[in-house]
Amino acid sequence: MADFLAENNQCGQTLLRLTARGNAIIAELLRLADFIPPVFKLDFRTTQSKYMELISDFTYFKSADLFDNKIDSSSELQDLDEEFRENNLEILTRFYLAFESLHKYITDLNRFLEDLDEGIYIQQSLESMLLNNDGKQLLCESLYLYGVMLLVVDNRIEGLVRERILVSYHRYTGGNTSSSESNIDDVIKLLRSTGYSPNPSSRRPPKYPENFFQRVTISEEFINMLIGRLRSDDIYNQISAYPQPEHRSTALATQASMLYVILYFSPDVLHNQQAKMREIVDKHFPDNWVVTVYMGITVNLCEVWLPYRAASTALNNTLDTSNIKELSQRHGNKVQKLLPMVQKFLKKGFLTEPYVLENISKLMNVLRECNVTLRWMLLHTAEGVWDNVNKRCRQTREQVLADSKFNALQLFELLLHTSQLELELKDMFKTMLSQKQEKWEYCKTESVERIVELSEVFSGTKPLTRVEKNENLQVWFSEIAKQITSLSYDDSTAAGRKIVQLIQALEEVQEFHELEMNLQVKQFLADTRNYLQQMIRTINIKEEVLITIQIVADLSFAWEIIDKYTVYMQQGIKKDPSLVIKMRATFLKLASALDLPLIRIGQCKSPDLVSVSQYYSGELVSYVRKVLQIIPESMFGLLASIIKLQTHQLKELPTRLEKEDLKKYAQLETRYEVAKLTHGISVFTDGMLEMKTTLVGIIKIDPKQLLEDGIRKELVEQVAAALNKMLIFNTRAKTSELIPRLEELGARMDGFLRSFEYIQDYVNIYGLKIWQEEISRIINYNVEQECNSFLRTKVYDWQSIYQSKTIPIPKFQPIDNSINFIGRLGREVLRITDPRATIYIDQMKTWYDAKTREDIMNIKVFNKLQSSVGTFGLTGLDKLFCFMIVKELQTFQNLLYKNVLRDKAALESLSLLTKSVSPTKSIVSSPGKLYPPIIQKLNRFWQPFVDIVLKVGQLQLLRRLVANELNTACKFDSKNLASALDTLNKSLMVDVEVHYQDPSKPYPSDDNPILYELTNYLESCGFGNPLTKIYVTTKRPQYFAVFLFLLVISNIPKLCYVKSVGNLISRKASADGLDGAPFIVGILTVLKQFHHEYLEQFLSLMGQYVRSHVDVTATVAKVPELPADIVSSLVFVESFINYSESSRRLAEENIPAYIFDQFKLGIQ
């Protein structure tokens, strides 16, 4: 049975793989707990109201048909449900697979026990396995890990959240699972809500967690045998590493955690079996009551065992006031005693190799004492959720704090120094082990040489002052030399005994032959003895010391508690940045916690090793970053002071300076202050860079990269906070706050940029590169999140290419309908340029108030946008406007298809008009009788379409100005880039046109990204005309051109031509007024989305309308003067042609040139 874990032992390998899988499942549950979609928590009121109809707990199964029918009967709910499924199915599947693996784990464990009982594993039984070291460890771990899974899943993923996830997964997959062995019904039964909530104010459900643990039946005999083995044995043989009796509970801490979990599978022991519970408490919990369950998850037995009579009675001795007092005082005194002792060991030059080899036993005892004290103090002084629930727990903790005279800073210092001492000892022992044989051979050679020399001296051949020839001593020393030469490194035990005898013989020869009279001989003998003693010490350098340090130094219990000491770490680093070196030792000590979940996964060579290592290493590295973030924070604090001095106090030196003014401009005190602050930044940089490159788990931490990431993180936080704070607008203000806000933000961003340029040389980073990368990331992330509201398939944080776990972009609570600052900025621009209340003059690129005629927004505002949110901000704003246009155009299509083209009366009217005006080259004899009645019949449809057209037109005009600003900035700041892009674009377009004329010519293939990538560059640099873009895919609706024509002529009377403006403006400055430019551009954009024939039909209808009215006017009036509506129609067509960049011939094909000439003559 010694080879229980051998590859050919099927029983051992099956159990090993099962426990490895258990550790991997727990890591996956912990990982997923951080990615629960907020919608399943129903955290936000808006989310709750929006998805309330789609999300249900297990009450769904009582009336599934009713629930599904309710969704199926509403097209809106169906769309929302489909959108929800697309966005969440991937993460729901991941959660379900984790839940299913939990159920499969216990199913496989039960099957293993059945196979074991039926004798499938030859020569193996439960009893024989419990006699084998590896066997009993794995059996105990297998059940313990299942219990931990249940506790973790209930603590990290609340019951109702689990139910909502499972119901949604069941609805969207139809109950199909990936595994034939685990039925979704079994998973649902196992993971239904227990009623437990991790919220401190929540009450614990009755019979929890034992009822939860008994949902899947497990063999009672198996449970009882495990409890019996854990009660009586030291299954991990840890007591050998802790020889002192008072350290026994620490030695047995791992199996105490197991026993705590496994006892819930046998609640009768906790309730009624007082003798067993007394034995368990006396062995495992005589001096501790706060237990770590798994990877730093802690529980207080005083609270969790309160409902169990036998358990709480057995624990009374431990929780006796006098016992708590004695324990607290003992550990409190040890902190005071051990701290100076460890500090003494760490003094430079104290821990030499000879000292360590001579005092290894003493050093190991100090390490044990330090770690036992740290464990007890950290666990029993830490504040837990139980302190808010249980009065006795709170009183016990307060007593511990008082009796131990608890000083958190001192305890942290002890942890810091202990970690450093352990690291130094481990490094020394590793070095000594690697040089062990080499050193042994060196000492052996030196000893032999000295003895041979002495032999030669006494032979008389080698002269030495006043040494007489002595053949006996010569022969004796020769024999000793042979004996030393014969010492074998491989047989260390025999060699050790022989060396002791040789040292004794050399002492005796010196004494009996009176050799001490000769100082030279005496020195030779002393040197030889010294080398022989070094050989003994070298033999005693064994790997067991490193293993013992590894066992004793375990800090896995503090995986979560350590966070409470972050503030002391940061205060220490702020005070003395070189403390980072000692912090490195603490982080490495904390990394030892990774051995617990990884040891079994590594033993069975499971592919989960990388994934689990990555998760725990990532968590630890995140914590390291959190602690060390104080350095960039402090640097930015100093930087703010430097910028303040540079901006407000330091005067800029003029080109020419009078000698008398030199002292005034020198400002020595201010410059000294700047130099002092700059030196402070350099000191922080040095402190961080002194930390060596460190391997934390499987992730390598490079201090230079860590510093750069920290600087990036601080920059991201400050810039994101500034953008969020400054881009908040009061929509009720009489005058817009946009311009002052942009000026303030521009000044702030300029300050950030200047500070980065200043700091980069002192910190040795590429300041401008970091600035550009992080600003682009912040803007693009916020644009992406803002655009999510327009997308059916959302981009979540964990899917975003811009969001990062290392340098996270902060999210702020929405203030209005917008999700973040980019939405607020875009909507504020739209608000102040509302086509119902403003007039846009294209020649001036300016919006004016329709009532007061005051300038509201002009091209200079876009320049201010460029200086405040930069090129990335303008590009992001442009992208947001694109999404808004797409949404409006989709709404336009939906209204057209659902409201107009399904209305019988509307279709009849459109059909009548189509027949009446055919062919469009003809003239309508009585336009006054044909058009108005049809417009009147369709009057109820116009308003929503007009609103959409105006909004689209407004957005398009804004996009034009954004593109203009981007293009201007590009040509000024990057003229080479602008020229290269323009040339490449033109050459590509020529190639494309040639290909369409002759298909044999080359054209970029589908997998060639050149067109896609070039488009991104062109849009970022403002090349291209937004008015020619196609935003949505469309069908070919019936009567579309006719409908759009009627929409235009129904609103022409609301417009009038103003010569001074040179375009159409609203006839009345009222709420239902409309501006000409956005209306024309809106109509153009709508037409651009459809086939070109619709545009031609529209213009031919407009031409017929104008010609018909001109014909009537010429027939009736003696002096023909064009009616106002016809003038407006002509202006509309002319502006339409100009904005569309179409040929004028397109207009003149439908409206003769002389009509345009007469119109121009009339307005002059």
# chains A, B, ... in the order shown; residues from 1 in each chain; ligands from 1

$ residues_around --residues "range 324-333 of chain A" --least-positions-apart "6" --cutoff "12 Å" --atoms "only C-alpha atoms" --output "ChimeraX atom specification"
/A:246,286-289,316-318,339,369-378,380-381,395-408,410-411,414

$ write_last_selection --atoms "N, CA and C atoms" --output "CSV table (one decimal), in the first residue's frame"
chain,number,residue,atom,x,y,z
A,246,GLU,N,2.3,23.2,23.4
A,246,GLU,CA,1.4,24.3,23.2
A,246,GLU,C,1.1,24.7,21.8
A,286,PRO,N,-8.6,23.6,21.9
A,286,PRO,CA,-8.4,23.9,23.4
A,286,PRO,C,-8.1,25.4,23.6
A,287,ASP,N,-7.4,26.0,22.6
A,287,ASP,CA,-7.0,27.4,22.8
A,287,ASP,C,-7.3,28.3,21.6
A,288,ASN,N,-8.3,27.8,20.7
A,288,ASN,CA,-8.7,28.7,19.6
A,288,ASN,C,-10.1,28.4,19.2
A,289,TRP,N,-10.8,29.5,18.8
A,289,TRP,CA,-12.2,29.3,18.5
A,289,TRP,C,-12.6,30.0,17.1
A,316,ASN,N,-17.4,25.4,25.9
A,316,ASN,CA,-17.4,26.4,27.0
A,316,ASN,C,-16.1,26.5,27.7
A,317,ASN,N,-15.4,25.4,27.9
A,317,ASN,CA,-14.0,25.5,28.5
A,317,ASN,C,-13.1,26.4,27.8
A,318,THR,N,-13.1,26.3,26.5
A,318,THR,CA,-12.2,27.1,25.7
A,318,THR,C,-12.6,28.6,25.8
A,339,LEU,N,9.4,40.4,18.9
A,339,LEU,CA,9.7,41.5,18.0
A,339,LEU,C,11.1,42.0,18.1
A,369,GLU,N,7.5,30.1,17.1
A,369,GLU,CA,6.8,31.0,18.1
A,369,GLU,C,6.2,32.2,17.3
A,370,CYS,N,6.9,32.8,16.4
A,370,CYS,CA,6.4,33.9,15.7
A,370,CYS,C,5.2,33.5,14.9
A,371,ASN,N,5.2,32.4,14.2
A,371,ASN,CA,4.1,32.1,13.3
A,371,ASN,C,2.9,31.6,14.1
A,372,VAL,N,3.1,30.9,15.2
A,372,VAL,CA,2.0,30.5,16.1
A,372,VAL,C,1.3,31.7,16.7
A,373,THR,N,2.1,32.7,17.1
A,373,THR,CA,1.6,33.9,17.7
A,373,THR,C,0.8,34.7,16.7
A,374,LEU,N,1.5,34.9,15.5
A,374,LEU,CA,0.8,35.6,14.4
A,374,LEU,C,-0.6,35.0,14.1
A,375,ARG,N,-0.6,33.7,14.0
A,375,ARG,CA,-1.8,33.0,13.6
A,375,ARG,C,-2.9,33.3,14.6
A,376,TRP,N,-2.6,33.1,15.9
A,376,TRP,CA,-3.6,33.3,17.0
A,376,TRP,C,-4.1,34.7,17.0
A,377,MET,N,-3.1,35.6,17.0
A,377,MET,CA,-3.5,37.1,17.1
A,377,MET,C,-4.3,37.6,15.9
A,378,LEU,N,-3.8,37.2,14.7
A,378,LEU,CA,-4.5,37.7,13.5
A,378,LEU,C,-6.0,37.1,13.5
A,380,HIS,N,-7.9,35.9,16.0
A,380,HIS,CA,-8.7,36.2,17.2
A,380,HIS,C,-8.9,37.7,17.4
A,381,THR,N,-8.2,38.5,16.7
A,381,THR,CA,-8.4,40.0,16.9
A,381,THR,C,-9.1,40.6,15.7
A,395,GLN,N,-18.0,40.3,22.7
A,395,GLN,CA,-17.4,40.5,24.0
A,395,GLN,C,-16.1,39.7,24.1
A,396,THR,N,-16.1,38.5,23.5
A,396,THR,CA,-14.8,37.7,23.5
A,396,THR,C,-13.7,38.4,22.8
A,397,ARG,N,-14.0,39.0,21.6
A,397,ARG,CA,-13.0,39.7,20.9
A,397,ARG,C,-12.5,41.0,21.6
A,398,GLU,N,-13.5,41.7,22.3
A,398,GLU,CA,-13.1,42.9,23.0
A,398,GLU,C,-12.2,42.5,24.2
A,399,GLN,N,-12.5,41.3,24.8
A,399,GLN,CA,-11.6,40.8,25.9
A,399,GLN,C,-10.2,40.5,25.4
A,400,VAL,N,-10.1,39.8,24.2
A,400,VAL,CA,-8.8,39.5,23.6
A,400,VAL,C,-8.0,40.8,23.4
A,401,LEU,N,-8.7,41.8,22.8
A,401,LEU,CA,-8.0,43.0,22.5
A,401,LEU,C,-7.5,43.7,23.7
A,402,ALA,N,-8.3,43.7,24.8
A,402,ALA,CA,-7.9,44.3,26.0
A,402,ALA,C,-6.8,43.6,26.7
A,403,ASP,N,-7.0,42.3,26.9
A,403,ASP,CA,-6.0,41.5,27.7
A,403,ASP,C,-4.7,41.3,27.0
A,404,SER,N,-4.7,41.3,25.7
A,404,SER,CA,-3.4,41.1,25.0
A,404,SER,C,-2.7,42.5,24.7
A,405,LYS,N,-3.4,43.6,25.1
A,405,LYS,CA,-2.9,44.9,24.9
A,405,LYS,C,-2.6,45.0,23.4
A,406,PHE,N,-3.5,44.7,22.6
A,406,PHE,CA,-3.4,44.6,21.1
A,406,PHE,C,-2.9,45.9,20.5
A,407,ASN,N,-1.8,45.8,19.7
A,407,ASN,CA,-1.4,46.9,18.9
A,407,ASN,C,-1.2,46.4,17.5
A,408,ALA,N,-2.1,46.8,16.6
A,408,ALA,CA,-2.1,46.3,15.2
A,408,ALA,C,-0.8,46.6,14.5
A,410,GLN,N,2.2,46.9,15.8
A,410,GLN,CA,3.3,46.0,16.3
A,410,GLN,C,3.1,44.6,15.7
A,411,LEU,N,1.9,44.1,15.6
A,411,LEU,CA,1.6,42.8,15.0
A,411,LEU,C,2.0,42.8,13.5
A,414,LEU,N,5.7,42.5,13.3
A,414,LEU,CA,6.2,41.2,13.6
A,414,LEU,C,6.0,40.3,12.3

$ residues_around --residues "Asp234 in chain A" --least-positions-apart "3" --cutoff "9 Å" --atoms "only C-alpha atoms" --output "PDB file with all heavy atoms, in the first residue's frame"
ATOM      1  N   ARG A 229     -11.291   8.955  12.383  1.00  0.00           N
ATOM      2  CA  ARG A 229      -9.883   9.067  12.011  1.00  0.00           C
ATOM      3  C   ARG A 229      -9.348  10.466  12.312  1.00  0.00           C
ATOM      4  O   ARG A 229      -8.246  10.619  12.839  1.00  0.00           O
ATOM      5  CB  ARG A 229      -9.739   8.750  10.509  1.00  0.00           C
ATOM      6  CG  ARG A 229      -8.324   8.679   9.986  1.00  0.00           C
ATOM      7  CD  ARG A 229      -7.473   7.638  10.658  1.00  0.00           C
ATOM      8  NE  ARG A 229      -8.021   6.299  10.540  1.00  0.00           N
ATOM      9  CZ  ARG A 229      -7.560   5.235  11.185  1.00  0.00           C
ATOM     10  NH1 ARG A 229      -6.550   5.365  12.018  1.00  0.00           N
ATOM     11  NH2 ARG A 229      -8.116   4.046  11.038  1.00  0.00           N
ATOM     12  N   LEU A 230     -10.119  11.478  12.012  1.00  0.00           N
ATOM     13  CA  LEU A 230      -9.683  12.863  12.276  1.00  0.00           C
ATOM     14  C   LEU A 230      -9.600  13.149  13.778  1.00  0.00           C
ATOM     15  O   LEU A 230      -8.780  13.956  14.223  1.00  0.00           O
ATOM     16  CB  LEU A 230     -10.654  13.855  11.610  1.00  0.00           C
ATOM     17  CG  LEU A 230     -10.546  13.960  10.079  1.00  0.00           C
ATOM     18  CD1 LEU A 230     -11.748  14.686   9.506  1.00  0.00           C
ATOM     19  CD2 LEU A 230      -9.262  14.664   9.658  1.00  0.00           C
ATOM     20  N   ARG A 231     -10.466  12.490  14.544  1.00  0.00           N
ATOM     21  CA  ARG A 231     -10.423  12.669  16.009  1.00  0.00           C
ATOM     22  C   ARG A 231      -9.143  12.111  16.607  1.00  0.00           C
ATOM     23  O   ARG A 231      -8.550  12.694  17.510  1.00  0.00           O
ATOM     24  CB  ARG A 231     -11.609  11.939  16.654  1.00  0.00           C
ATOM     25  CG  ARG A 231     -12.856  12.783  16.805  1.00  0.00           C
ATOM     26  CD  ARG A 231     -14.056  11.942  17.141  1.00  0.00           C
ATOM     27  NE  ARG A 231     -13.794  11.028  18.240  1.00  0.00           N
ATOM     28  CZ  ARG A 231     -14.408   9.856  18.419  1.00  0.00           C
ATOM     29  NH1 ARG A 231     -15.334   9.457  17.563  1.00  0.00           N
ATOM     30  NH2 ARG A 231     -14.125   9.082  19.450  1.00  0.00           N
ATOM     31  N   ASN A 237       0.788  14.360   9.600  1.00  0.00           N
ATOM     32  CA  ASN A 237       2.085  14.252  10.309  1.00  0.00           C
ATOM     33  C   ASN A 237       2.721  15.623  10.534  1.00  0.00           C
ATOM     34  O   ASN A 237       3.911  15.834  10.284  1.00  0.00           O
ATOM     35  CB  ASN A 237       3.055  13.359   9.509  1.00  0.00           C
ATOM     36  CG  ASN A 237       2.477  11.984   9.245  1.00  0.00           C
ATOM     37  OD1 ASN A 237       1.889  11.370  10.149  1.00  0.00           O
ATOM     38  ND2 ASN A 237       2.595  11.501   8.015  1.00  0.00           N
ATOM     39  N   GLN A 238       1.906  16.558  11.018  1.00  0.00           N
ATOM     40  CA  GLN A 238       2.394  17.930  11.215  1.00  0.00           C
ATOM     41  C   GLN A 238       3.034  18.128  12.591  1.00  0.00           C
ATOM     42  O   GLN A 238       3.793  19.075  12.783  1.00  0.00           O
ATOM     43  CB  GLN A 238       1.220  18.918  11.081  1.00  0.00           C
ATOM     44  CG  GLN A 238       0.585  18.950   9.700  1.00  0.00           C
ATOM     45  CD  GLN A 238       1.369  19.773   8.715  1.00  0.00           C
ATOM     46  OE1 GLN A 238       1.415  20.981   8.782  1.00  0.00           O
ATOM     47  NE2 GLN A 238       2.027  19.107   7.788  1.00  0.00           N
ATOM     48  N   ILE A 239       2.724  17.249  13.522  1.00  0.00           N
ATOM     49  CA  ILE A 239       3.229  17.454  14.896  1.00  0.00           C
ATOM     50  C   ILE A 239       4.752  17.406  14.933  1.00  0.00           C
ATOM     51  O   ILE A 239       5.382  18.066  15.762  1.00  0.00           O
ATOM     52  CB  ILE A 239       2.578  16.427  15.862  1.00  0.00           C
ATOM     53  CG1 ILE A 239       1.092  16.808  16.049  1.00  0.00           C
ATOM     54  CG2 ILE A 239       3.282  16.381  17.210  1.00  0.00           C
ATOM     55  CD1 ILE A 239       0.290  15.886  16.898  1.00  0.00           C
ATOM     56  N   ALA A 251      -0.512  22.816  14.842  1.00  0.00           N
ATOM     57  CA  ALA A 251      -0.077  21.671  14.021  1.00  0.00           C
ATOM     58  C   ALA A 251      -1.276  20.956  13.402  1.00  0.00           C
ATOM     59  O   ALA A 251      -1.226  20.483  12.272  1.00  0.00           O
ATOM     60  CB  ALA A 251       0.741  20.702  14.867  1.00  0.00           C
ATOM     61  N   LEU A 252      -2.386  20.878  14.162  1.00  0.00           N
ATOM     62  CA  LEU A 252      -3.571  20.144  13.694  1.00  0.00           C
ATOM     63  C   LEU A 252      -4.616  21.066  13.049  1.00  0.00           C
ATOM     64  O   LEU A 252      -5.762  20.661  12.851  1.00  0.00           O
ATOM     65  CB  LEU A 252      -4.207  19.387  14.867  1.00  0.00           C
ATOM     66  CG  LEU A 252      -3.320  18.340  15.554  1.00  0.00           C
ATOM     67  CD1 LEU A 252      -4.018  17.768  16.777  1.00  0.00           C
ATOM     68  CD2 LEU A 252      -2.952  17.220  14.586  1.00  0.00           C
ATOM     69  N   GLN A 255      -6.445  19.763   9.756  1.00  0.00           N
ATOM     70  CA  GLN A 255      -7.476  18.746   9.938  1.00  0.00           C
ATOM     71  C   GLN A 255      -8.598  19.246  10.850  1.00  0.00           C
ATOM     72  O   GLN A 255      -9.721  18.737  10.785  1.00  0.00           O
ATOM     73  CB  GLN A 255      -6.883  17.424  10.434  1.00  0.00           C
ATOM     74  CG  GLN A 255      -6.389  17.359  11.854  1.00  0.00           C
ATOM     75  CD  GLN A 255      -5.746  15.994  12.104  1.00  0.00           C
ATOM     76  OE1 GLN A 255      -4.772  15.637  11.451  1.00  0.00           O
ATOM     77  NE2 GLN A 255      -6.284  15.226  13.030  1.00  0.00           N
TER      78      GLN A 255
END

$ residues_around --residues "Ala963 in chain A" --least-positions-apart "2" --cutoff "10 Å" --atoms "only C-alpha atoms" --output "ChimeraX atom specification"
/A:862,874-875,878,957-961,965-969,1018-1026

$ write_last_selection --atoms "N, CA, C and O atoms" --output "PDB file, in the first residue's frame"
ATOM      1  N   PHE A 862     -16.358  73.387 -30.994  1.00  0.00           N
ATOM      2  CA  PHE A 862     -15.740  72.117 -31.360  1.00  0.00           C
ATOM      3  C   PHE A 862     -14.242  72.157 -31.114  1.00  0.00           C
ATOM      4  O   PHE A 862     -13.628  71.142 -30.800  1.00  0.00           O
ATOM      5  N   LEU A 874     -13.688  63.508 -29.376  1.00  0.00           N
ATOM      6  CA  LEU A 874     -14.468  63.910 -30.565  1.00  0.00           C
ATOM      7  C   LEU A 874     -14.876  62.689 -31.391  1.00  0.00           C
ATOM      8  O   LEU A 874     -16.007  62.591 -31.858  1.00  0.00           O
ATOM      9  N   THR A 875     -13.934  61.750 -31.553  1.00  0.00           N
ATOM     10  CA  THR A 875     -14.240  60.526 -32.306  1.00  0.00           C
ATOM     11  C   THR A 875     -15.325  59.725 -31.591  1.00  0.00           C
ATOM     12  O   THR A 875     -16.227  59.167 -32.228  1.00  0.00           O
ATOM     13  N   ASP A 878     -18.619  61.368 -32.077  1.00  0.00           N
ATOM     14  CA  ASP A 878     -19.061  61.071 -33.447  1.00  0.00           C
ATOM     15  C   ASP A 878     -19.684  59.670 -33.518  1.00  0.00           C
ATOM     16  O   ASP A 878     -20.738  59.470 -34.124  1.00  0.00           O
ATOM     17  N   LEU A 957     -25.571  67.229 -39.080  1.00  0.00           N
ATOM     18  CA  LEU A 957     -24.877  68.527 -39.116  1.00  0.00           C
ATOM     19  C   LEU A 957     -23.778  68.574 -38.053  1.00  0.00           C
ATOM     20  O   LEU A 957     -22.684  69.095 -38.294  1.00  0.00           O
ATOM     21  N   LEU A 958     -24.079  68.015 -36.881  1.00  0.00           N
ATOM     22  CA  LEU A 958     -23.074  67.963 -35.816  1.00  0.00           C
ATOM     23  C   LEU A 958     -21.904  67.075 -36.235  1.00  0.00           C
ATOM     24  O   LEU A 958     -20.744  67.400 -35.987  1.00  0.00           O
ATOM     25  N   ARG A 959     -22.211  65.956 -36.874  1.00  0.00           N
ATOM     26  CA  ARG A 959     -21.159  65.049 -37.338  1.00  0.00           C
ATOM     27  C   ARG A 959     -20.250  65.739 -38.362  1.00  0.00           C
ATOM     28  O   ARG A 959     -19.033  65.528 -38.367  1.00  0.00           O
ATOM     29  N   ARG A 960     -20.851  66.569 -39.216  1.00  0.00           N
ATOM     30  CA  ARG A 960     -20.050  67.314 -40.205  1.00  0.00           C
ATOM     31  C   ARG A 960     -19.038  68.223 -39.508  1.00  0.00           C
ATOM     32  O   ARG A 960     -17.878  68.318 -39.909  1.00  0.00           O
ATOM     33  N   LEU A 961     -19.508  68.915 -38.477  1.00  0.00           N
ATOM     34  CA  LEU A 961     -18.622  69.846 -37.772  1.00  0.00           C
ATOM     35  C   LEU A 961     -17.554  69.109 -36.963  1.00  0.00           C
ATOM     36  O   LEU A 961     -16.427  69.589 -36.837  1.00  0.00           O
ATOM     37  N   GLU A 965     -13.525  69.545 -37.546  1.00  0.00           N
ATOM     38  CA  GLU A 965     -12.555  69.828 -36.476  1.00  0.00           C
ATOM     39  C   GLU A 965     -11.448  68.775 -36.446  1.00  0.00           C
ATOM     40  O   GLU A 965     -10.267  69.097 -36.318  1.00  0.00           O
ATOM     41  N   LEU A 966     -11.833  67.500 -36.601  1.00  0.00           N
ATOM     42  CA  LEU A 966     -10.842  66.417 -36.606  1.00  0.00           C
ATOM     43  C   LEU A 966      -9.891  66.571 -37.786  1.00  0.00           C
ATOM     44  O   LEU A 966      -8.671  66.400 -37.657  1.00  0.00           O
ATOM     45  N   ASN A 967     -10.435  66.909 -38.940  1.00  0.00           N
ATOM     46  CA  ASN A 967      -9.619  67.039 -40.136  1.00  0.00           C
ATOM     47  C   ASN A 967      -8.654  68.210 -40.034  1.00  0.00           C
ATOM     48  O   ASN A 967      -7.477  68.105 -40.408  1.00  0.00           O
ATOM     49  N   THR A 968      -9.168  69.329 -39.494  1.00  0.00           N
ATOM     50  CA  THR A 968      -8.309  70.518 -39.314  1.00  0.00           C
ATOM     51  C   THR A 968      -7.162  70.201 -38.357  1.00  0.00           C
ATOM     52  O   THR A 968      -5.999  70.513 -38.634  1.00  0.00           O
ATOM     53  N   ALA A 969      -7.500  69.571 -37.212  1.00  0.00           N
ATOM     54  CA  ALA A 969      -6.481  69.228 -36.214  1.00  0.00           C
ATOM     55  C   ALA A 969      -5.454  68.268 -36.801  1.00  0.00           C
ATOM     56  O   ALA A 969      -4.242  68.406 -36.564  1.00  0.00           O
ATOM     57  N   LEU A1018      -9.558  56.990 -41.396  1.00  0.00           N
ATOM     58  CA  LEU A1018     -10.166  58.130 -42.090  1.00  0.00           C
ATOM     59  C   LEU A1018     -11.190  58.828 -41.201  1.00  0.00           C
ATOM     60  O   LEU A1018     -11.232  60.068 -41.146  1.00  0.00           O
ATOM     61  N   GLU A1019     -12.017  58.044 -40.499  1.00  0.00           N
ATOM     62  CA  GLU A1019     -13.037  58.650 -39.629  1.00  0.00           C
ATOM     63  C   GLU A1019     -12.398  59.374 -38.450  1.00  0.00           C
ATOM     64  O   GLU A1019     -12.873  60.424 -38.029  1.00  0.00           O
ATOM     65  N   SER A1020     -11.311  58.806 -37.915  1.00  0.00           N
ATOM     66  CA  SER A1020     -10.615  59.455 -36.786  1.00  0.00           C
ATOM     67  C   SER A1020      -9.938  60.748 -37.211  1.00  0.00           C
ATOM     68  O   SER A1020      -9.690  61.619 -36.377  1.00  0.00           O
ATOM     69  N   CYS A1021      -9.620  60.837 -38.499  1.00  0.00           N
ATOM     70  CA  CYS A1021      -8.942  62.042 -39.001  1.00  0.00           C
ATOM     71  C   CYS A1021      -9.895  62.983 -39.732  1.00  0.00           C
ATOM     72  O   CYS A1021      -9.458  63.962 -40.346  1.00  0.00           O
ATOM     73  N   GLY A1022     -11.184  62.680 -39.709  1.00  0.00           N
ATOM     74  CA  GLY A1022     -12.183  63.592 -40.263  1.00  0.00           C
ATOM     75  C   GLY A1022     -12.310  63.588 -41.760  1.00  0.00           C
ATOM     76  O   GLY A1022     -12.858  64.528 -42.348  1.00  0.00           O
ATOM     77  N   PHE A1023     -11.779  62.572 -42.432  1.00  0.00           N
ATOM     78  CA  PHE A1023     -11.964  62.466 -43.885  1.00  0.00           C
ATOM     79  C   PHE A1023     -13.318  61.818 -44.156  1.00  0.00           C
ATOM     80  O   PHE A1023     -13.721  60.889 -43.459  1.00  0.00           O
ATOM     81  N   GLY A1024     -13.995  62.285 -45.176  1.00  0.00           N
ATOM     82  CA  GLY A1024     -15.294  61.689 -45.511  1.00  0.00           C
ATOM     83  C   GLY A1024     -16.441  62.602 -45.151  1.00  0.00           C
ATOM     84  O   GLY A1024     -16.313  63.496 -44.304  1.00  0.00           O
ATOM     85  N   ASN A1025     -17.565  62.375 -45.789  1.00  0.00           N
ATOM     86  CA  ASN A1025     -18.752  63.201 -45.595  1.00  0.00           C
ATOM     87  C   ASN A1025     -19.850  62.364 -44.932  1.00  0.00           C
ATOM     88  O   ASN A1025     -20.341  61.404 -45.520  1.00  0.00           O
ATOM     89  N   PRO A1026     -20.247  62.705 -43.686  1.00  0.00           N
ATOM     90  CA  PRO A1026     -21.281  61.917 -42.992  1.00  0.00           C
ATOM     91  C   PRO A1026     -22.607  61.857 -43.759  1.00  0.00           C
ATOM     92  O   PRO A1026     -23.365  60.907 -43.604  1.00  0.00           O
TER      93      PRO A1026
END

$ closest_residue --among "A:Ile484, A:Leu131, A:Met857, A:Leu657" --to "Leu506 in chain A" --atoms "only C-alpha atoms"
A:Ile484

$ residues_around --residues "Asn155 in chain A" --least-positions-apart "5" --cutoff "9 Å" --atoms "only C-alpha atoms" --output "list in words"
Leu150, Tyr196, Ser197 and Pro198 of chain A

$ closest_residue --among "A:Ser987, A:Ser1050, A:Gln893, A:Ser1108" --to "Asn939 in chain A" --atoms "only C-alpha atoms"
A:Ser1050

$ atom_distance --atom1 "CA of Phe285 in chain A" --atom2 "CA of Thr586 in chain A"
27.4 Å
